[in-house]
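K.L.:
Quick one, entry.txt (compact mmCIF, N, CA and C atoms):
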# COMPACT_ATOMS: atom_id res chain seq x y z
N TYR A 1 -1.36 4.32 11.02
CA TYR A 1 -1.36 2.87 10.86
C TYR A 1 -2.75 2.38 10.46
N ALA A 2 -3.78 2.94 11.10
CA ALA A 2 -5.15 2.54 10.78
C ALA A 2 -5.48 2.88 9.33
N ARG A 3 -5.03 4.02 8.86
CA ARG A 3 -5.29 4.40 7.47
C ARG A 3 -4.56 3.45 6.51
N ALA A 4 -3.37 3.04 6.85
CA ALA A 4 -2.64 2.09 6.01
C ALA A 4 -3.36 0.75 5.96
N GLN A 5 -3.94 0.34 7.07
CA GLN A 5 -4.71 -0.91 7.08
C GLN A 5 -5.97 -0.78 6.22
N ARG A 6 -6.61 0.38 6.27
CA ARG A 6 -7.81 0.58 5.45
C ARG A 6 -7.47 0.56 3.97
N LEU A 7 -6.26 0.96 3.61
CA LEU A 7 -5.85 0.91 2.21
C LEU A 7 -5.88 -0.53 1.71
N GLY A 8 -5.44 -1.47 2.53
CA GLY A 8 -5.52 -2.88 2.15
C GLY A 8 -6.95 -3.33 1.94
N THR A 9 -7.86 -2.85 2.77
CA THR A 9 -9.28 -3.18 2.61
C THR A 9 -9.82 -2.59 1.32
N THR A 10 -9.42 -1.37 1.00
CA THR A 10 -9.87 -0.73 -0.23
C THR A 10 -9.39 -1.49 -1.45
N VAL A 11 -8.17 -1.96 -1.42
CA VAL A 11 -7.64 -2.75 -2.54
C VAL A 11 -8.42 -4.05 -2.69
N ALA A 12 -8.75 -4.69 -1.58
CA ALA A 12 -9.55 -5.93 -1.63
C ALA A 12 -10.93 -5.65 -2.21
N GLU A 13 -11.53 -4.52 -1.84
CA GLU A 13 -12.83 -4.16 -2.39
C GLU A 13 -12.75 -3.90 -3.88
N LEU A 14 -11.67 -3.28 -4.33
CA LEU A 14 -11.47 -3.03 -5.75
C LEU A 14 -11.37 -4.35 -6.52
N GLU A 15 -10.63 -5.28 -5.99
CA GLU A 15 -10.49 -6.58 -6.64
C GLU A 15 -11.83 -7.30 -6.71
N SER A 16 -12.61 -7.23 -5.64
CA SER A 16 -13.93 -7.86 -5.61
C SER A 16 -14.86 -7.21 -6.63
N ALA A 17 -14.83 -5.89 -6.72
CA ALA A 17 -15.67 -5.19 -7.70
C ALA A 17 -15.29 -5.55 -9.12
N ARG A 18 -14.00 -5.69 -9.38
CA ARG A 18 -13.55 -6.07 -10.73
C ARG A 18 -14.03 -7.48 -11.08
N ARG A 19 -13.96 -8.39 -10.11
CA ARG A 19 -14.43 -9.76 -10.38
C ARG A 19 -15.93 -9.79 -10.65
N ARG A 20 -16.70 -9.01 -9.86
CA ARG A 20 -18.15 -8.97 -10.08
C ARG A 20 -18.48 -8.37 -11.45
N ALA A 21 -17.77 -7.32 -11.84
CA ALA A 21 -18.00 -6.69 -13.14
C ALA A 21 -17.67 -7.66 -14.27
N GLU A 22 -16.60 -8.38 -14.14
CA GLU A 22 -16.22 -9.34 -15.19
C GLU A 22 -17.24 -10.46 -15.28
N GLU A 23 -17.71 -10.94 -14.13
CA GLU A 23 -18.72 -12.00 -14.13
C GLU A 23 -20.02 -11.49 -14.74
N SER A 24 -20.40 -10.27 -14.42
CA SER A 24 -21.61 -9.68 -14.98
C SER A 24 -21.48 -9.53 -16.49
N ARG A 25 -20.33 -9.07 -16.93
CA ARG A 25 -20.09 -8.92 -18.38
C ARG A 25 -20.15 -10.26 -19.08
N ARG A 26 -19.59 -11.27 -18.47
CA ARG A 26 -19.54 -12.59 -19.09
C ARG A 26 -20.94 -13.22 -19.18
N LEU A 27 -21.76 -13.02 -18.16
CA LEU A 27 -23.08 -13.65 -18.12
C LEU A 27 -24.19 -12.81 -18.74
N ASN A 28 -23.90 -11.58 -19.13
CA ASN A 28 -24.92 -10.69 -19.69
C ASN A 28 -25.34 -11.17 -21.08
N PRO A 29 -26.62 -11.54 -21.28
CA PRO A 29 -27.04 -12.02 -22.60
C PRO A 29 -27.01 -10.92 -23.66
N GLY A 30 -27.15 -9.67 -23.26
CA GLY A 30 -27.11 -8.57 -24.22
C GLY A 30 -25.77 -8.42 -24.89
N ARG A 31 -24.74 -8.87 -24.26
CA ARG A 31 -23.39 -8.78 -24.84
C ARG A 31 -23.29 -9.58 -26.14
N ARG A 32 -23.97 -10.69 -26.18
CA ARG A 32 -23.93 -11.53 -27.40
C ARG A 32 -24.67 -10.87 -28.54
N LEU A 33 -25.65 -10.02 -28.24
CA LEU A 33 -26.43 -9.36 -29.28
C LEU A 33 -25.69 -8.17 -29.87
N ARG A 34 -24.84 -7.54 -29.10
CA ARG A 34 -24.06 -6.39 -29.60
C ARG A 34 -22.68 -6.89 -30.00
N ARG A 35 -22.27 -6.50 -31.14
CA ARG A 35 -20.97 -6.98 -31.63
C ARG A 35 -19.79 -6.16 -31.13
N SER A 36 -20.00 -4.90 -30.90
CA SER A 36 -18.87 -4.05 -30.50
C SER A 36 -19.08 -3.50 -29.09
N ALA A 37 -18.86 -4.32 -28.12
CA ALA A 37 -18.95 -3.88 -26.73
C ALA A 37 -17.54 -3.57 -26.23
N PRO A 38 -17.39 -2.48 -25.52
CA PRO A 38 -16.04 -2.16 -25.01
C PRO A 38 -15.60 -3.17 -23.96
N HIS A 39 -14.36 -3.51 -24.01
CA HIS A 39 -13.80 -4.45 -23.04
C HIS A 39 -13.32 -3.68 -21.81
N PRO A 40 -13.49 -4.25 -20.64
CA PRO A 40 -12.98 -3.57 -19.43
C PRO A 40 -11.46 -3.58 -19.44
N PRO A 41 -10.84 -2.67 -18.69
CA PRO A 41 -9.39 -2.66 -18.64
C PRO A 41 -8.86 -3.96 -18.04
N PRO A 42 -7.67 -4.35 -18.43
CA PRO A 42 -7.13 -5.62 -17.91
C PRO A 42 -6.91 -5.53 -16.40
N GLY A 43 -7.10 -6.65 -15.74
CA GLY A 43 -6.89 -6.72 -14.29
C GLY A 43 -5.45 -7.03 -13.97
N GLY A 44 -5.21 -7.28 -12.73
CA GLY A 44 -3.86 -7.67 -12.31
C GLY A 44 -3.13 -6.59 -11.55
N GLY A 45 -3.53 -5.34 -11.71
CA GLY A 45 -2.86 -4.26 -10.99
C GLY A 45 -3.14 -4.30 -9.50
N GLU A 46 -4.23 -4.96 -9.12
CA GLU A 46 -4.58 -5.04 -7.70
C GLU A 46 -3.50 -5.78 -6.91
N PHE A 47 -2.87 -6.76 -7.54
CA PHE A 47 -1.84 -7.53 -6.85
C PHE A 47 -0.70 -6.60 -6.42
N ARG A 48 -0.29 -5.71 -7.33
CA ARG A 48 0.79 -4.78 -6.99
C ARG A 48 0.36 -3.85 -5.86
N TRP A 49 -0.86 -3.33 -5.95
CA TRP A 49 -1.35 -2.43 -4.91
C TRP A 49 -1.51 -3.16 -3.59
N GLU A 50 -1.87 -4.42 -3.65
CA GLU A 50 -2.00 -5.21 -2.42
C GLU A 50 -0.65 -5.35 -1.73
N ARG A 51 0.39 -5.56 -2.52
CA ARG A 51 1.73 -5.66 -1.95
C ARG A 51 2.19 -4.33 -1.37
N VAL A 52 1.92 -3.23 -2.09
CA VAL A 52 2.28 -1.90 -1.60
C VAL A 52 1.55 -1.62 -0.29
N ALA A 53 0.26 -1.93 -0.24
CA ALA A 53 -0.53 -1.69 0.97
C ALA A 53 0.02 -2.52 2.14
N GLY A 54 0.41 -3.75 1.87
CA GLY A 54 0.98 -4.60 2.92
C GLY A 54 2.28 -4.05 3.46
N HIS A 55 3.16 -3.61 2.56
CA HIS A 55 4.44 -3.03 2.99
C HIS A 55 4.21 -1.73 3.76
N LEU A 56 3.27 -0.92 3.28
CA LEU A 56 2.98 0.34 3.97
C LEU A 56 2.42 0.09 5.37
N ALA A 57 1.54 -0.90 5.50
CA ALA A 57 1.00 -1.24 6.82
C ALA A 57 2.11 -1.73 7.75
N SER A 58 3.02 -2.54 7.24
CA SER A 58 4.14 -3.03 8.07
C SER A 58 5.03 -1.88 8.53
N LEU A 59 5.34 -0.98 7.61
CA LEU A 59 6.20 0.15 7.94
C LEU A 59 5.54 1.05 8.98
N THR A 60 4.27 1.38 8.77
CA THR A 60 3.61 2.27 9.73
C THR A 60 3.40 1.59 11.08
N ARG A 61 3.19 0.26 11.07
CA ARG A 61 3.08 -0.46 12.34
C ARG A 61 4.40 -0.38 13.11
N SER A 62 5.51 -0.57 12.40
CA SER A 62 6.82 -0.47 13.06
C SER A 62 7.05 0.92 13.63
N LEU A 63 6.70 1.94 12.87
CA LEU A 63 6.86 3.31 13.35
C LEU A 63 5.96 3.59 14.55
N ALA A 64 4.72 3.11 14.50
CA ALA A 64 3.79 3.32 15.61
C ALA A 64 4.30 2.64 16.88
N GLU A 65 4.83 1.43 16.74
CA GLU A 65 5.37 0.73 17.91
C GLU A 65 6.59 1.44 18.47
N THR A 66 7.42 1.97 17.60
CA THR A 66 8.62 2.69 18.04
C THR A 66 8.21 3.93 18.83
N VAL A 67 7.24 4.66 18.33
CA VAL A 67 6.79 5.86 19.01
C VAL A 67 6.17 5.52 20.36
N ARG A 68 5.42 4.42 20.41
CA ARG A 68 4.79 4.02 21.66
C ARG A 68 5.84 3.66 22.71
N GLU A 69 6.88 2.97 22.29
CA GLU A 69 7.92 2.56 23.23
C GLU A 69 8.75 3.74 23.71
N ARG A 70 8.99 4.66 22.82
CA ARG A 70 9.87 5.79 23.12
C ARG A 70 9.27 7.04 22.49
N PRO A 71 8.44 7.77 23.23
CA PRO A 71 7.73 8.89 22.63
C PRO A 71 8.61 9.95 21.99
N ARG A 72 9.77 10.19 22.52
CA ARG A 72 10.68 11.18 21.94
C ARG A 72 12.08 10.59 21.88
N PHE A 73 12.77 10.97 20.87
CA PHE A 73 14.16 10.55 20.80
C PHE A 73 14.97 11.40 21.77
N ALA A 74 15.82 10.75 22.51
CA ALA A 74 16.66 11.47 23.47
C ALA A 74 17.83 12.10 22.73
N ALA A 75 18.28 13.23 23.24
CA ALA A 75 19.46 13.87 22.66
C ALA A 75 20.68 13.01 22.97
N PRO A 76 21.63 12.94 22.05
CA PRO A 76 22.83 12.15 22.33
C PRO A 76 23.65 12.80 23.45
N PRO A 77 24.42 12.01 24.17
CA PRO A 77 25.24 12.59 25.24
C PRO A 77 26.28 13.56 24.68
N GLU A 78 26.73 14.46 25.52
CA GLU A 78 27.70 15.48 25.10
C GLU A 78 28.98 14.86 24.54
N THR A 79 29.41 13.73 25.11
CA THR A 79 30.64 13.09 24.61
C THR A 79 30.47 12.63 23.18
N ALA A 80 29.29 12.15 22.86
CA ALA A 80 29.04 11.71 21.49
C ALA A 80 29.03 12.90 20.54
N LEU A 81 28.44 14.01 20.97
CA LEU A 81 28.43 15.21 20.12
C LEU A 81 29.84 15.72 19.88
N GLY A 82 30.67 15.67 20.92
CA GLY A 82 32.06 16.10 20.77
C GLY A 82 32.81 15.22 19.78
N ALA A 83 32.63 13.92 19.91
CA ALA A 83 33.29 12.99 18.99
C ALA A 83 32.81 13.19 17.56
N LEU A 84 31.54 13.46 17.41
CA LEU A 84 30.98 13.71 16.08
C LEU A 84 31.57 14.98 15.48
N ALA A 85 31.68 16.01 16.30
CA ALA A 85 32.25 17.28 15.81
C ALA A 85 33.69 17.08 15.35
N VAL A 86 34.46 16.30 16.10
CA VAL A 86 35.85 16.04 15.73
C VAL A 86 35.92 15.26 14.43
N SER A 87 35.07 14.24 14.28
CA SER A 87 35.13 13.43 13.05
C SER A 87 34.66 14.23 11.84
N VAL A 88 33.71 15.13 12.01
CA VAL A 88 33.25 15.97 10.89
C VAL A 88 34.34 16.93 10.48
N SER A 89 35.07 17.47 11.45
CA SER A 89 36.13 18.44 11.11
C SER A 89 37.25 17.77 10.34
N TYR A 90 37.50 16.47 10.54
CA TYR A 90 38.54 15.75 9.80
C TYR A 90 38.11 15.44 8.38
N THR A 91 36.83 15.31 8.14
CA THR A 91 36.38 14.95 6.79
C THR A 91 36.24 16.17 5.89
N HIS A 92 36.15 17.38 6.47
CA HIS A 92 35.95 18.57 5.63
C HIS A 92 37.18 19.37 5.58
When written as structure tokens, how does the structure in this file appear?

P.N.:
Amino acid sequence: YARAQRLGTTVAELESARRRAEESRRLNPGRRLRRSAPHPPPGGGEFRWERVAGHLASLTRSLAETVRERPRFAAPPETALGALAVSVSYTH
């Protein structure tokens, strides 16, 4: 869960770095003197990664809470296993 949360921080840092680079490129006086300067890659992908990181953090938080509440899954009762065996034998 902690690693999933750090992923969101990493995405935010990436977005911040892209904004700083764009601002630096825009305000750089040398850019006006050179006619063929390479353009940085288009932005916008951070939004998708931000959403993925958010969903991943939510999912891992839910799993972590489930494990905390119930450290191990209990085996189903024998009656349930018997009923399952009967229903499987009818389908095959």

K.L.:
Have a look at CA of Leu84 (chain A) and atom N of Arg68 (chain A) and let me know their distance in Å, one decimal.

P.N.:
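Taking CA of Leu84 (chain A) and atom N of Arg68 (chain A), their separation equals 27.5 Å.
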
K.L.:
So the first atom is atom N of Ala57 (chain A) and the second is atom N of Val11 (chain A); what is the distance between them in Å, to one decimal place?

P.N.:
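Distance between the two atoms: 12.0 Å.
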
K.L.:
If you measure from atom C of Arg48 (chain A) to atom C of Ala2 (chain A), what distance in Å do you get, rounded to one decimal?

P.N.:
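A separation of 17.6 Å between them.
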
K.L.:
Taking all atoms listed in the file into account, which of A:Leu81, A:Leu14, A:Ala4, A:Ala21 comes nearest Leu56 (chain A)?

P.N.:
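The answer is A:Ala4, which sits nearest to Leu56 (chain A).
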
K.L.:
Produce region 42-68 of chain A of the given structure as output with N, CA, C and O atoms, as a PDB file, in the first residue's frame.

P.N.:
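Final output, decode-v8.pdb:
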ATOM      1  N   PRO A  42       4.696  15.918 -25.975  1.00  0.00           N
ATOM      2  CA  PRO A  42       3.452  16.508 -25.465  1.00  0.00           C
ATOM      3  C   PRO A  42       3.119  15.977 -24.078  1.00  0.00           C
ATOM      4  O   PRO A  42       3.398  14.830 -23.747  1.00  0.00           O
ATOM      5  N   GLY A  43       2.522  16.820 -23.272  1.00  0.00           N
ATOM      6  CA  GLY A  43       2.119  16.438 -21.921  1.00  0.00           C
ATOM      7  C   GLY A  43       0.746  15.812 -21.924  1.00  0.00           C
ATOM      8  O   GLY A  43       0.153  15.564 -22.968  1.00  0.00           O
ATOM      9  N   GLY A  44       0.240  15.597 -20.764  1.00  0.00           N
ATOM     10  CA  GLY A  44      -1.114  15.060 -20.638  1.00  0.00           C
ATOM     11  C   GLY A  44      -1.164  13.623 -20.195  1.00  0.00           C
ATOM     12  O   GLY A  44      -2.177  13.156 -19.696  1.00  0.00           O
ATOM     13  N   GLY A  45      -0.086  12.879 -20.387  1.00  0.00           N
ATOM     14  CA  GLY A  45      -0.075  11.486 -19.964  1.00  0.00           C
ATOM     15  C   GLY A  45      -0.080  11.333 -18.458  1.00  0.00           C
ATOM     16  O   GLY A  45      -0.475  10.299 -17.932  1.00  0.00           O
ATOM     17  N   GLU A  46       0.346  12.375 -17.756  1.00  0.00           N
ATOM     18  CA  GLU A  46       0.385  12.315 -16.299  1.00  0.00           C
ATOM     19  C   GLU A  46      -1.009  12.129 -15.718  1.00  0.00           C
ATOM     20  O   GLU A  46      -1.177  11.468 -14.702  1.00  0.00           O
ATOM     21  N   PHE A  47      -2.007  12.707 -16.373  1.00  0.00           N
ATOM     22  CA  PHE A  47      -3.379  12.584 -15.875  1.00  0.00           C
ATOM     23  C   PHE A  47      -3.798  11.118 -15.829  1.00  0.00           C
ATOM     24  O   PHE A  47      -4.373  10.652 -14.854  1.00  0.00           O
ATOM     25  N   ARG A  48      -3.473  10.386 -16.901  1.00  0.00           N
ATOM     26  CA  ARG A  48      -3.821   8.961 -16.928  1.00  0.00           C
ATOM     27  C   ARG A  48      -3.087   8.200 -15.834  1.00  0.00           C
ATOM     28  O   ARG A  48      -3.673   7.375 -15.147  1.00  0.00           O
ATOM     29  N   TRP A  49      -1.791   8.486 -15.688  1.00  0.00           N
ATOM     30  CA  TRP A  49      -1.014   7.798 -14.661  1.00  0.00           C
ATOM     31  C   TRP A  49      -1.498   8.170 -13.269  1.00  0.00           C
ATOM     32  O   TRP A  49      -1.461   7.351 -12.348  1.00  0.00           O
ATOM     33  N   GLU A  50      -1.943   9.394 -13.102  1.00  0.00           N
ATOM     34  CA  GLU A  50      -2.475   9.826 -11.802  1.00  0.00           C
ATOM     35  C   GLU A  50      -3.720   9.024 -11.449  1.00  0.00           C
ATOM     36  O   GLU A  50      -3.894   8.584 -10.308  1.00  0.00           O
ATOM     37  N   ARG A  51      -4.568   8.797 -12.440  1.00  0.00           N
ATOM     38  CA  ARG A  51      -5.774   7.999 -12.204  1.00  0.00           C
ATOM     39  C   ARG A  51      -5.426   6.551 -11.896  1.00  0.00           C
ATOM     40  O   ARG A  51      -5.996   5.941 -10.994  1.00  0.00           O
ATOM     41  N   VAL A  52      -4.466   5.983 -12.642  1.00  0.00           N
ATOM     42  CA  VAL A  52      -4.038   4.609 -12.395  1.00  0.00           C
ATOM     43  C   VAL A  52      -3.467   4.495 -10.982  1.00  0.00           C
ATOM     44  O   VAL A  52      -3.792   3.552 -10.245  1.00  0.00           O
ATOM     45  N   ALA A  53      -2.625   5.446 -10.599  1.00  0.00           N
ATOM     46  CA  ALA A  53      -2.020   5.423  -9.262  1.00  0.00           C
ATOM     47  C   ALA A  53      -3.100   5.516  -8.181  1.00  0.00           C
ATOM     48  O   ALA A  53      -3.022   4.832  -7.156  1.00  0.00           O
ATOM     49  N   GLY A  54      -4.105   6.345  -8.403  1.00  0.00           N
ATOM     50  CA  GLY A  54      -5.206   6.467  -7.439  1.00  0.00           C
ATOM     51  C   GLY A  54      -5.987   5.179  -7.293  1.00  0.00           C
ATOM     52  O   GLY A  54      -6.309   4.747  -6.178  1.00  0.00           O
ATOM     53  N   HIS A  55      -6.299   4.544  -8.421  1.00  0.00           N
ATOM     54  CA  HIS A  55      -7.031   3.272  -8.373  1.00  0.00           C
ATOM     55  C   HIS A  55      -6.188   2.189  -7.704  1.00  0.00           C
ATOM     56  O   HIS A  55      -6.703   1.391  -6.914  1.00  0.00           O
ATOM     57  N   LEU A  56      -4.899   2.169  -8.027  1.00  0.00           N
ATOM     58  CA  LEU A  56      -4.014   1.172  -7.429  1.00  0.00           C
ATOM     59  C   LEU A  56      -3.906   1.364  -5.919  1.00  0.00           C
ATOM     60  O   LEU A  56      -3.951   0.397  -5.151  1.00  0.00           O
ATOM     61  N   ALA A  57      -3.812   2.612  -5.479  1.00  0.00           N
ATOM     62  CA  ALA A  57      -3.760   2.888  -4.035  1.00  0.00           C
ATOM     63  C   ALA A  57      -5.053   2.452  -3.351  1.00  0.00           C
ATOM     64  O   ALA A  57      -5.022   1.863  -2.266  1.00  0.00           O
ATOM     65  N   SER A  58      -6.193   2.707  -3.980  1.00  0.00           N
ATOM     66  CA  SER A  58      -7.479   2.286  -3.398  1.00  0.00           C
ATOM     67  C   SER A  58      -7.571   0.774  -3.292  1.00  0.00           C
ATOM     68  O   SER A  58      -8.010   0.233  -2.271  1.00  0.00           O
ATOM     69  N   LEU A  59      -7.165   0.090  -4.347  1.00  0.00           N
ATOM     70  CA  LEU A  59      -7.221  -1.369  -4.355  1.00  0.00           C
ATOM     71  C   LEU A  59      -6.304  -1.958  -3.289  1.00  0.00           C
ATOM     72  O   LEU A  59      -6.712  -2.832  -2.521  1.00  0.00           O
ATOM     73  N   THR A  60      -5.074  -1.473  -3.216  1.00  0.00           N
ATOM     74  CA  THR A  60      -4.150  -2.030  -2.230  1.00  0.00           C
ATOM     75  C   THR A  60      -4.568  -1.671  -0.805  1.00  0.00           C
ATOM     76  O   THR A  60      -4.357  -2.454   0.110  1.00  0.00           O
ATOM     77  N   ARG A  61      -5.188  -0.494  -0.622  1.00  0.00           N
ATOM     78  CA  ARG A  61      -5.695  -0.140   0.708  1.00  0.00           C
ATOM     79  C   ARG A  61      -6.796  -1.117   1.124  1.00  0.00           C
ATOM     80  O   ARG A  61      -6.822  -1.602   2.246  1.00  0.00           O
ATOM     81  N   SER A  62      -7.696  -1.424   0.192  1.00  0.00           N
ATOM     82  CA  SER A  62      -8.769  -2.378   0.497  1.00  0.00           C
ATOM     83  C   SER A  62      -8.204  -3.748   0.847  1.00  0.00           C
ATOM     84  O   SER A  62      -8.647  -4.396   1.803  1.00  0.00           O
ATOM     85  N   LEU A  63      -7.220  -4.197   0.088  1.00  0.00           N
ATOM     86  CA  LEU A  63      -6.607  -5.495   0.375  1.00  0.00           C
ATOM     87  C   LEU A  63      -5.889  -5.488   1.716  1.00  0.00           C
ATOM     88  O   LEU A  63      -5.973  -6.452   2.477  1.00  0.00           O
ATOM     89  N   ALA A  64      -5.178  -4.396   2.017  1.00  0.00           N
ATOM     90  CA  ALA A  64      -4.464  -4.306   3.292  1.00  0.00           C
ATOM     91  C   ALA A  64      -5.444  -4.328   4.465  1.00  0.00           C
ATOM     92  O   ALA A  64      -5.195  -4.990   5.479  1.00  0.00           O
ATOM     93  N   GLU A  65      -6.562  -3.626   4.329  1.00  0.00           N
ATOM     94  CA  GLU A  65      -7.560  -3.630   5.400  1.00  0.00           C
ATOM     95  C   GLU A  65      -8.192  -5.002   5.567  1.00  0.00           C
ATOM     96  O   GLU A  65      -8.445  -5.446   6.691  1.00  0.00           O
ATOM     97  N   THR A  66      -8.419  -5.689   4.477  1.00  0.00           N
ATOM     98  CA  THR A  66      -9.003  -7.030   4.541  1.00  0.00           C
ATOM     99  C   THR A  66      -8.054  -7.980   5.261  1.00  0.00           C
ATOM    100  O   THR A  66      -8.475  -8.770   6.108  1.00  0.00           O
ATOM    101  N   VAL A  67      -6.779  -7.903   4.941  1.00  0.00           N
ATOM    102  CA  VAL A  67      -5.804  -8.774   5.582  1.00  0.00           C
ATOM    103  C   VAL A  67      -5.696  -8.455   7.067  1.00  0.00           C
ATOM    104  O   VAL A  67      -5.566  -9.350   7.899  1.00  0.00           O
ATOM    105  N   ARG A  68      -5.752  -7.173   7.411  1.00  0.00           N
ATOM    106  CA  ARG A  68      -5.659  -6.786   8.815  1.00  0.00           C
ATOM    107  C   ARG A  68      -6.846  -7.320   9.611  1.00  0.00           C
ATOM    108  O   ARG A  68      -6.708  -7.761  10.739  1.00  0.00           O
TER     109      ARG A  68
END
